[in-house]
Amino acid sequence: MLQKEKTIEANKALLEYLEKKKKEEGENKNDLLLGDEAEAVYVQISTKKFVSDKKVLKPKRVAVPHSMNQNAEVCIFTKDPQRSYKNALMAETAATHGMVARIIGVSKLKGKFKSYESRRQLLNMYDIFLSEDSVVTTLPKLLGKVFYDGPVTKMPLPVRLTSDGKISDTKARSEITKVTNSAIFTLSPGTTVSIKVGDTSFSPTQLQENIDAVVDYFTTHIPKGVWDNIRSISVKSASSPSLPIYAAAKIYSEDDIKDENKEPEIAQADKKAKSDKRKRTTLTRLEKALAEVVDEDELERFTKKPVKQALQDSN
């Protein structure tokens with residue numbers, strides 16, 4: 001559905017705009033500290049209807065042809081004892097040698113990173129955080145808001161570090177490589193999703209190929225991300241306007257029109273069904289863990305679930 005040439009043209013225009021803007025800012029401010037740091041580039045997907053009814057806490061991972069994290073500093077949270085994981089994954093002979101900057105066990109996390117400031121410093125020290133899948137649900141309580149209210153790219157991603165019951169450096173290498181070669185995003189109630197696809201060091205063609213991979217995943221793996229629900233797709237940075245690369249021919253479908261003309265009693269029945277569904281709401285293990293560190297009212301706004309009622313029902 002995307003036209004390759006149009007996407008490349010938009011990427012080229014965006015990169016030229018950002019380069020010109022950077023030079024102008026440097027001249028105006030006479031600032032030698034601006035440096036050559038690359039600026040992130042995003043694909044922005046707008047939908048006709050909400051792409052999700054609630055905040056989905058588990059990040060989505062999309063394999064892309066051009067890695068955005070080649071030189072990323074990776075920190076891994078593991079079970080105790082952390083020394084076993086360090087010996088297996090950080091030894092000079094390990095397949096993961098040089099791929100992992102730090103390994104932190106649960107006990108160390110509880111003792112050394114209790115304060116908000118220590119957690120904030122930890123967040124800023126590394127680019128990617130991974131978690132052994134068996135401990136990921138304990139992390140919201142140990143890491144708190146500083147990690148789970150921050151950028152999605154810093155949210156700890158679950159990985160498997162063992163094979164046949166033993167810590168495996170080859171398995172860990174495979175898992176780390178998958179993450180570093182992926183675009184990462186989460187879904188929230190709303191009609192706009194922004195996903196990082198590269199930065200200003202990428203070529204227009206590299207960005208186009210990453211965009212194609214992300215849009216293909218979005219339209220085939222996200223239930224409400226199908227093409228019929230896509231309103232528009234644009235490419236942008238945090239400091240630029242959006243440059244369109246796709247726009248739907250029709251904004252409203254026949255089903256939308258039928259919904260508008262639905263009989264009042266049917267609409268009322270739909271409302272009752274939704275109300276009954278809300279009464280039976282259950283929380284995931286991760287949401288229960290978040291409830292211990294996040295204000296319940298805030299978590300309700302975050303997940304769009306009746307958290308207080310669900311917690312009472314589970315007790």
# chains A, B, ... in the order shown; residues from 1 in each chain; ligands from 1
>>> select_by_dssp(residues="region 17-263 of chain A", states="alpha helix (DSSP H)", output="VMD selection string")
chain A and resid 17 to 29 82 to 89 106 to 112 116 to 125 139 to 143 145 to 148 169 to 180 204 to 221 254 to 260
>>> closest_atom_pairs(of="region 107-173 of chain A", to="region 181-185 of chain A", cutoff="12 Å", atoms="only C-alpha atoms", output="CSV")
residue,atom,partner,partner_atom,distance
A:Ile128,CA,A:Ile184,CA,10.9
A:Pro151,CA,A:Phe185,CA,9.6
A:Val152,CA,A:Phe185,CA,6.4
A:Thr153,CA,A:Ile184,CA,6.4
A:Lys154,CA,A:Ile184,CA,9.9
A:Met155,CA,A:Ile184,CA,9.9
A:Pro156,CA,A:Ile184,CA,11.4
A:Leu157,CA,A:Ile184,CA,9.7
>>> write_last_selection(atoms="N, CA and C atoms", output="JSON list (two decimals), in the first residue's frame")
[["chain", "number", "residue", "atom", "x", "y", "z"],
["A", 128, "ILE", "N", 19.39, 0.29, 26.56],
["A", 128, "ILE", "CA", 18.38, -0.77, 26.49],
["A", 128, "ILE", "C", 18.44, -1.58, 27.77],
["A", 151, "PRO", "N", 10.34, 6.65, 28.62],
["A", 151, "PRO", "CA", 10.31, 6.25, 27.22],
["A", 151, "PRO", "C", 10.10, 4.74, 27.07],
["A", 152, "VAL", "N", 9.32, 4.35, 26.08],
["A", 152, "VAL", "CA", 9.04, 2.93, 25.88],
["A", 152, "VAL", "C", 10.31, 2.16, 25.58],
["A", 153, "THR", "N", 11.30, 2.81, 24.96],
["A", 153, "THR", "CA", 12.55, 2.13, 24.62],
["A", 153, "THR", "C", 13.38, 1.79, 25.85],
["A", 154, "LYS", "N", 13.04, 2.36, 27.01],
["A", 154, "LYS", "CA", 13.77, 2.07, 28.24],
["A", 154, "LYS", "C", 13.03, 1.06, 29.12],
["A", 155, "MET", "N", 11.82, 0.69, 28.75],
["A", 155, "MET", "CA", 11.06, -0.27, 29.54],
["A", 155, "MET", "C", 11.72, -1.65, 29.42],
["A", 156, "PRO", "N", 11.99, -2.34, 30.54],
["A", 156, "PRO", "CA", 12.66, -3.65, 30.47],
["A", 156, "PRO", "C", 11.89, -4.65, 29.60],
["A", 157, "LEU", "N", 12.59, -5.25, 28.65],
["A", 157, "LEU", "CA", 11.98, -6.21, 27.72],
["A", 157, "LEU", "C", 12.33, -7.63, 28.16]]
>>> closest_residue(among="A:Pro204, A:Gly190, A:Gly198, A:Pro81", to="Ile103 (chain A)", atoms="only C-alpha atoms")
A:Pro81
>>> atom_distance(atom1="CA of Gln208 (chain A)", atom2="CA of Ser240 (chain A)")
17.6 Å
